file my_file_24.txt (compact mmCIF, C-alpha atoms)
# COMPACT_ATOMS: atom_id res chain seq x y z
CA MET A 1 0.00 0.00 0.00
CA LEU A 2 1.28 3.47 -0.79
CA SER A 3 1.87 5.44 2.39
CA ILE A 4 0.01 8.71 2.61
CA GLU A 5 1.85 9.53 5.83
CA GLU A 6 5.27 9.29 4.18
CA ILE A 7 4.17 11.69 1.46
CA ARG A 8 2.71 14.05 4.05
CA LEU A 9 6.04 14.02 5.91
CA ILE A 10 7.93 14.99 2.75
CA ARG A 11 5.49 17.79 2.09
CA ASP A 12 5.84 19.16 5.62
CA LYS A 13 9.63 19.07 5.39
CA MET A 14 9.51 20.99 2.13
CA GLN A 15 7.26 23.56 3.76
CA GLU A 16 9.87 24.16 6.45
CA LEU A 17 12.41 24.99 3.76
CA SER A 18 10.15 27.51 2.01
CA ASN A 19 12.07 30.78 2.32
CA GLY A 20 14.25 33.20 0.34
CA ASP A 21 15.07 32.69 -3.32
CA ILE A 22 13.95 29.06 -3.37
CA ASN A 23 10.48 29.88 -2.07
CA LYS A 24 8.81 29.79 -5.49
CA ALA A 25 10.40 26.48 -6.44
CA LEU A 26 9.52 24.86 -3.14
CA ASN A 27 5.93 26.07 -3.36
CA GLN A 28 5.63 24.36 -6.73
CA VAL A 29 7.03 21.15 -5.28
CA LYS A 30 4.58 21.40 -2.38
CA LYS A 31 1.69 21.87 -4.82
CA THR A 32 2.77 18.75 -6.71
CA LEU A 33 3.00 16.75 -3.50
CA ASP A 34 -0.42 17.97 -2.40
CA GLU A 35 -1.89 16.67 -5.65
CA LEU A 36 -0.09 13.35 -5.21
CA LEU A 37 -1.23 13.16 -1.59
CA HIS A 38 -4.84 13.49 -2.71
CA ALA A 39 -4.42 10.86 -5.42
CA VAL A 40 -2.79 8.37 -3.04
CA ASP A 41 -5.45 8.97 -0.42
CA GLU A 42 -8.18 8.13 -2.90
CA THR A 43 -6.27 5.03 -4.01
CA ASN A 44 -5.83 3.82 -0.44
CA LYS A 45 -9.52 4.33 0.32
CA SER A 46 -10.42 2.25 -2.70
CA GLN A 47 -7.99 -0.51 -1.71
CA ILE A 48 -8.94 -0.78 1.95
CA GLU A 49 -12.63 -1.12 1.17
CA ASN A 50 -11.86 -4.37 -0.63
CA ILE A 51 -9.51 -5.94 1.91
CA GLY A 52 -10.93 -8.00 4.74
CA LYS A 53 -9.95 -10.80 7.08
CA THR A 54 -11.66 -14.18 6.89
CA LYS A 55 -13.01 -16.24 9.76
CA ALA A 56 -10.23 -18.78 9.22
CA TRP A 57 -7.66 -15.99 9.37
CA TYR A 58 -8.97 -14.81 12.76
CA GLN A 59 -8.78 -18.35 14.11
CA ARG A 60 -5.18 -18.84 12.98
CA ASP A 61 -4.11 -15.47 14.35
CA LEU A 62 -5.82 -16.07 17.69
CA ASP A 63 -4.23 -19.49 18.10
CA TRP A 64 -0.80 -18.20 17.07
CA ARG A 65 -0.93 -15.42 19.65
CA ARG A 66 -2.29 -17.70 22.37
CA SER A 67 0.57 -20.18 21.84
CA ARG A 68 3.02 -17.32 22.38
CA LYS A 69 1.15 -15.58 25.18
CA GLU A 70 4.07 -15.58 27.62
CA ILE A 71 6.25 -13.80 25.07
CA LEU A 72 3.61 -11.31 23.92
CA TYR A 73 2.18 -10.53 27.37
CA ASP A 74 2.75 -6.90 28.37
CA LYS A 75 1.98 -6.56 32.09
CA THR A 76 2.15 -2.76 32.11
CA LEU A 77 -0.21 -2.42 29.15
CA VAL A 78 -2.72 -4.82 30.70
CA GLU A 79 -2.66 -2.84 33.95
CA ASP A 80 -3.19 0.43 32.06
CA ILE A 81 -6.19 -1.02 30.23
CA GLN A 82 -7.64 -2.30 33.52
CA LEU A 83 -7.33 1.13 35.13
CA LYS A 84 -9.02 2.77 32.17
CA ILE A 85 -11.91 0.28 32.17
CA ASN A 86 -12.43 0.88 35.89
CA ASN A 87 -13.36 4.49 35.12
CA PHE A 88 -16.56 3.27 33.45
CA ALA A 89 -17.62 0.79 36.13
CA LYS A 90 -19.88 1.31 39.12
CA MET A 91 -19.30 -1.37 41.72
CA GLY A 92 -22.32 -2.73 43.55
CA ASN A 93 -24.76 -1.83 40.78
CA ASP A 94 -26.41 -4.95 39.36
CA LEU A 95 -28.43 -3.13 36.69
CA GLN A 96 -25.66 -2.24 34.23
CA ASN A 97 -24.52 -4.36 31.30
CA CYS A 98 -21.54 -4.16 28.96
CA LEU A 99 -20.52 -5.57 25.60
CA GLU A 100 -17.09 -6.80 24.53
CA ILE A 101 -16.49 -7.06 20.79
CA GLY A 102 -13.88 -9.59 19.71
CA PRO A 103 -13.04 -11.06 23.13
CA GLY A 104 -10.92 -13.84 21.65
CA TYR A 105 -10.06 -16.24 24.44
CA GLY A 106 -11.01 -13.72 27.15
CA ASP A 107 -7.73 -11.93 27.91
CA PHE A 108 -9.65 -8.83 29.05
CA THR A 109 -13.10 -10.22 29.79
CA ARG A 110 -12.60 -10.65 33.54
CA MET A 111 -11.96 -6.91 33.74
CA LEU A 112 -15.68 -6.48 32.99
CA LEU A 113 -16.90 -8.20 36.16
CA PRO A 114 -18.29 -4.96 37.70
CA TRP A 115 -21.11 -5.12 35.14
CA ARG A 116 -24.05 -7.46 35.68
CA ASN A 117 -24.41 -9.04 32.23
CA ILE A 118 -21.38 -9.28 29.97
CA PHE A 119 -22.41 -9.59 26.33
CA LEU A 120 -19.65 -11.13 24.20
CA LEU A 121 -19.67 -10.84 20.41
CA ASP A 122 -17.22 -12.69 18.16
CA VAL A 123 -17.03 -14.31 14.73
CA LEU A 124 -15.57 -17.45 16.34
CA GLU A 125 -17.76 -19.77 18.40
CA THR A 126 -14.61 -21.57 19.58
CA CYS A 127 -13.88 -18.64 21.89
CA PHE A 128 -16.81 -19.12 24.19
CA SER A 129 -15.87 -22.41 25.85
CA LYS A 130 -12.43 -21.01 26.69
CA ILE A 131 -13.86 -17.79 28.11
CA LYS A 132 -16.16 -19.76 30.43
CA LYS A 133 -13.13 -21.43 31.99
CA GLU A 134 -11.96 -18.00 33.20
CA PHE A 135 -15.08 -17.58 35.36
CA ASN A 136 -16.65 -19.31 38.32
CA PRO A 137 -19.51 -21.53 37.06
CA LYS A 138 -21.91 -19.49 39.21
CA HIS A 139 -21.16 -16.48 37.03
CA HIS A 140 -21.82 -18.24 33.71
CA GLN A 141 -25.47 -17.14 33.79
CA PHE A 142 -24.28 -13.55 33.36
CA LEU A 143 -22.15 -14.29 30.29
CA LYS A 144 -24.19 -13.81 27.11
CA PHE A 145 -22.50 -15.16 23.98
CA TYR A 146 -23.31 -14.05 20.45
CA THR A 147 -21.73 -14.70 17.08
CA THR A 148 -21.65 -12.30 14.14
CA ASP A 149 -20.86 -12.74 10.49
CA ARG A 150 -19.38 -9.24 10.26
CA THR A 151 -20.77 -6.33 12.31
CA LYS A 152 -24.31 -7.34 13.21
CA CYS A 153 -25.34 -6.95 16.86
CA ASP A 154 -28.99 -7.73 16.11
CA ASP A 155 -29.45 -10.25 18.92
CA ILE A 156 -28.14 -7.88 21.60
CA PRO A 157 -31.06 -5.90 23.07
CA THR A 158 -31.50 -2.26 22.08
CA GLN A 159 -30.18 0.25 24.62
CA SER A 160 -29.03 -2.55 26.91
CA CYS A 161 -25.39 -1.62 27.53
CA ASN A 162 -23.72 1.13 29.50
CA PHE A 163 -20.28 0.35 28.13
CA ILE A 164 -18.76 -1.24 25.02
CA PHE A 165 -15.14 -2.36 24.99
CA SER A 166 -12.92 -3.79 22.27
CA TRP A 167 -9.18 -4.42 22.19
CA ASP A 168 -7.05 -6.09 19.51
CA THR A 169 -10.02 -6.27 17.15
CA PHE A 170 -10.82 -3.01 15.35
CA VAL A 171 -7.19 -2.82 14.18
CA PHE A 172 -8.09 -5.63 11.74
CA PHE A 173 -11.15 -3.85 10.30
CA THR A 174 -11.38 -1.63 7.23
CA GLN A 175 -12.71 1.87 7.77
CA LYS A 176 -16.05 0.89 6.21
CA HIS A 177 -16.25 -2.11 8.54
CA ILE A 178 -15.56 0.14 11.54
CA ALA A 179 -18.22 2.64 10.49
CA ASP A 180 -20.78 -0.17 10.17
CA TYR A 181 -19.89 -1.42 13.65
CA LEU A 182 -20.14 2.04 15.17
CA ARG A 183 -23.68 2.38 13.82
CA ASP A 184 -24.72 -0.99 15.29
CA MET A 185 -23.07 -0.14 18.61
CA LYS A 186 -25.06 3.07 18.86
CA ARG A 187 -28.29 1.07 18.93
CA VAL A 188 -26.97 -1.17 21.71
CA LEU A 189 -25.73 1.65 23.98
CA ILE A 190 -28.04 3.42 26.39
CA PRO A 191 -28.19 7.22 26.04
CA GLY A 192 -25.01 8.41 27.75
CA GLY A 193 -23.25 5.06 27.24
CA TYR A 194 -19.54 4.92 26.42
CA GLY A 195 -17.34 3.03 24.01
CA LEU A 196 -13.61 2.36 24.34
CA VAL A 197 -12.02 0.96 21.20
CA HIS A 198 -8.43 0.11 20.27
CA TYR A 199 -7.72 1.10 16.66
CA CYS A 200 -4.89 1.41 14.13
CA ASP A 201 -3.47 4.94 13.87
CA CYS A 202 -1.21 5.18 10.82
CA HIS A 203 -0.13 8.64 11.91
CA THR A 204 2.29 6.67 14.12
CA ASP A 205 5.23 4.60 12.89
CA LYS A 206 4.38 1.26 14.53
CA ASP A 207 0.77 1.20 13.34
CA LEU A 208 1.78 2.30 9.84
CA ARG A 209 4.31 -0.53 9.67
CA GLU A 210 1.67 -3.09 10.67
CA ALA A 211 -0.72 -1.75 8.02
CA LYS A 212 1.91 -1.71 5.28
CA ARG A 213 2.78 -5.35 5.88
CA GLY A 214 -0.91 -6.25 5.72
CA TYR A 215 -1.42 -7.35 9.32
CA TRP A 216 -3.55 -4.41 10.48
CA GLN A 217 -5.89 -2.40 8.27
CA TYR A 218 -5.12 1.16 7.27
CA ASN A 219 -6.73 3.77 9.52
CA ASN A 220 -5.64 6.91 11.33
CA LYS A 221 -6.64 9.17 14.20
CA THR A 222 -8.16 11.87 12.01
CA ALA A 223 -10.36 9.42 10.11
CA MET A 224 -11.37 7.55 13.27
CA GLU A 225 -12.46 10.71 15.05
CA GLN A 226 -14.44 11.82 12.00
CA MET A 227 -16.23 8.47 11.71
CA VAL A 228 -17.21 8.62 15.37
CA LYS A 229 -18.55 12.18 15.00
CA ASP A 230 -20.37 11.45 11.73
CA ILE A 231 -22.33 8.63 13.37
CA GLY A 232 -23.43 10.95 16.16
CA TYR A 233 -21.13 10.22 19.08
CA GLU A 234 -19.17 12.71 21.13
CA VAL A 235 -15.42 12.13 21.07
CA ILE A 236 -14.28 12.11 24.71
CA GLU A 237 -10.63 11.12 24.45
CA THR A 238 -8.08 9.90 21.90
CA SER A 239 -4.73 8.77 23.23
CA GLN A 240 -2.34 5.83 23.47
CA PHE A 241 -0.85 3.73 26.25
CA ARG A 242 2.23 3.13 24.10
CA PRO A 243 3.01 2.82 20.36
CA GLY A 244 0.53 0.38 18.83
CA ALA A 245 -1.92 0.80 21.72
CA ASN A 246 -4.03 3.69 20.47
CA TYR A 247 -7.57 4.05 21.72
CA ILE A 248 -10.60 6.29 21.34
CA ILE A 249 -13.32 6.90 23.92
CA PHE A 250 -16.69 8.13 22.72
CA LYS A 251 -20.12 8.74 24.20
CA LYS A 252 -23.65 8.35 22.89
CA PRO A 253 -25.68 11.52 23.55
CA GLY A 254 -27.92 11.32 26.59
CA ASN A 255 -27.82 11.17 30.38
CA GLN A 256 -29.17 7.77 31.42
CA ASN A 257 -25.73 6.43 32.40
CA PRO A 258 -25.06 6.73 36.16
CA VAL A 259 -21.29 6.74 35.47
CA ILE A 260 -19.72 9.90 34.07
CA TYR A 261 -16.22 9.47 32.65
CA GLN A 262 -13.92 12.38 33.39
CA THR A 263 -10.47 13.07 32.03
CA PHE A 264 -7.84 14.56 34.27
CA GLU A 265 -4.78 16.52 33.24
CA ILE A 266 -2.04 17.87 35.49
CA PRO A 267 -2.31 21.69 35.39
CA VAL A 268 0.48 23.56 33.65
CA GLU A 269 2.15 26.27 35.72
CA LYS A 270 1.79 29.77 34.28
call {"tool": "encode", "arguments": {"input": "my_file_24.txt", "output": "structure tokens"}}
result
Amino acid sequence: MLSIEEIRLIRDKMQELSNGDINKALNQVKKTLDELLHAVDETNKSQIENIGKTKAWYQRDLDWRRSRKEILYDKTLVEDIQLKINNFAKMGNDLQNCLEIGPGYGDFTRMLLPWRNIFLLDVLETCFSKIKKEFNPKHHQFLKFYTTDRTKCDDIPTQSCNFIFSWDTFVFFTQKHIADYLRDMKRVLIPGGYGLVHYCDCHTDKDLREAKRGYWQYNNKTAMEQMVKDIGYEVIETSQFRPGANYIIFKKPGNQNPVIYQTFEIPVEK
């Protein structure tokens, strides 16, 4: 795939050099690069809409990663994700539900215990028996398993979830696939419900490398934020725990959620 970010970097560098006698020449080069940037962007959009992962591919990838879990496990990242999820939970409330999209073999599912019902949506039915093993049998009645052929959440009740979480899943989706999911998720969330989604941001080197080699799908922060806004959510936060661990938090309009997520920043001295 041609890299729009690499072309953008060249253009920005040329802009920095635009001064003095070479200003006219550099401006012409910048104009040419702008035209190329637009052409490549359109080409990439066309390509990514026709690239998708198969069910068999997801199974192979999941099994490959599970067999190497001790090597791939990042304790600090897992702790950071746990702390972030805790911001959306209200302990002791047995009325709230959540949805996890693409739980795999349940690496993060136990983090969702503060919610009463945990809806789990995956393309692979093989995941569910392994996830059950992570929970006390008494809690199995609160695990609700659903399969999907692509993005459909039809069987999950309308406005039933306070929180939707997905990690290591949306990075494999095309932008069109993501937009379709976001629309389905909006139906499932209660007014005021939140979503936290890990996605591929090709504005960063690691994510761009994964997309160029065909492992992740091309996406970026600007496009992700725009998709979220276009579908009617409020963007609450876009950040990363580390390179390759980019996430976006968004909220469905409304005030029926008893939990209000708040971001905190250390004040800058004036």
call {"tool": "closest_residue", "arguments": {"input": "my_file_24.txt", "among": "A:Met227, A:Phe145, A:Phe172, A:Lys138", "to": "Glu210 in chain A", "atoms": "only C-alpha atoms"}}
result
A:Phe172
call {"tool": "residues_around", "arguments": {"input": "my_file_24.txt", "residues": "Thr54 in chain A", "least_positions_apart": "6", "cutoff": "12 Å", "atoms": "all atoms listed in the file", "output": "MDAnalysis selection string"}}
result
chainID A and resid 60:61 123:124 149:150 172:173
call {"tool": "closest_residue", "arguments": {"input": "my_file_24.txt", "among": "A:Ile71, A:Met185, A:Ile101, A:Ala211", "to": "Gly232 in chain A", "atoms": "all atoms listed in the file"}}
result
A:Met185
call {"tool": "closest_residue", "arguments": {"input": "my_file_24.txt", "among": "A:Lys152, A:His140, A:Lys130, A:Lys251", "to": "Leu189 in chain A", "atoms": "only C-alpha atoms"}}
result
A:Lys251
call {"tool": "atom_distance", "arguments": {"input": "my_file_24.txt", "atom1": "CA of Ile236 in chain A", "atom2": "CA of Phe88 in chain A"}}
result
12.6 Å
call {"tool": "atom_distance", "arguments": {"input": "my_file_24.txt", "atom1": "CA of Tyr218 in chain A", "atom2": "CA of Val235 in chain A"}}
result
20.4 Å
call {"tool": "closest_residue", "arguments": {"input": "my_file_24.txt", "among": "A:Lys229, A:Lys212, A:His198, A:Arg66", "to": "Ser166 in chain A", "atoms": "only C-alpha atoms"}}
result
A:His198
call {"tool": "axis_aligned_box", "arguments": {"input": "my_file_24.txt", "around": "range 50-63 of chain A", "padding_each_side": "4 Å", "output": "JSON"}}
result
{"center_x": -8.6, "center_y": -11.9, "center_z": 8.7, "size_x": 16.9, "size_y": 23.1, "size_z": 26.7}
call {"tool": "residues_around", "arguments": {"input": "my_file_24.txt", "residues": "Lys206 in chain A", "least_positions_apart": "4", "cutoff": "8 Å", "atoms": "all atoms listed in the file", "output": "JSON, numbers by chain"}}
result
{"A": [202, 210, 243, 244]}
call {"tool": "closest_residue", "arguments": {"input": "my_file_24.txt", "among": "A:Ala179, A:Ile249, A:Ile118, A:Leu72", "to": "Phe135 in chain A", "atoms": "all atoms listed in the file"}}
result
A:Ile118
call {"tool": "closest_residue", "arguments": {"input": "my_file_24.txt", "among": "A:Pro253, A:Asp107, A:Tyr194, A:Leu208", "to": "Lys69 in chain A", "atoms": "all atoms listed in the file"}}
result
A:Asp107
call {"tool": "residues_around", "arguments": {"input": "my_file_24.txt", "residues": "Glu100 in chain A", "least_positions_apart": "3", "cutoff": "10 Å", "atoms": "all atoms listed in the file", "output": "list in words"}}
result
Pro103, Gly104, Gly106, Phe108, Thr109, Leu112, Ile118, Phe119, Leu120, Leu121, Asp122, Phe145, Phe163, Ile164, Phe165, Ser166, Trp167, Gly195, Leu196 and Val197 of chain A
call {"tool": "atom_distance", "arguments": {"input": "my_file_24.txt", "atom1": "CA of Thr238 in chain A", "atom2": "CA of Asn219 in chain A"}}
result
13.9 Å
call {"tool": "residues_around", "arguments": {"input": "my_file_24.txt", "residues": "Met111 in chain A", "least_positions_apart": "5", "cutoff": "10 Å", "atoms": "all atoms listed in the file", "output": "NGL selection string"}}
result
:A and (78 or 81-83 or 85-86 or 89 or 106)
call {"tool": "write_last_selection", "arguments": {"input": "my_file_24.txt", "atoms": "C-alpha atoms", "output": "CSV table (one decimal), in the frame of the given file"}}
result
chain,number,residue,atom,x,y,z
A,78,VAL,CA,-2.7,-4.8,30.7
A,81,ILE,CA,-6.2,-1.0,30.2
A,82,GLN,CA,-7.6,-2.3,33.5
A,83,LEU,CA,-7.3,1.1,35.1
A,85,ILE,CA,-11.9,0.3,32.2
A,86,ASN,CA,-12.4,0.9,35.9
A,89,ALA,CA,-17.6,0.8,36.1
A,106,GLY,CA,-11.0,-13.7,27.2
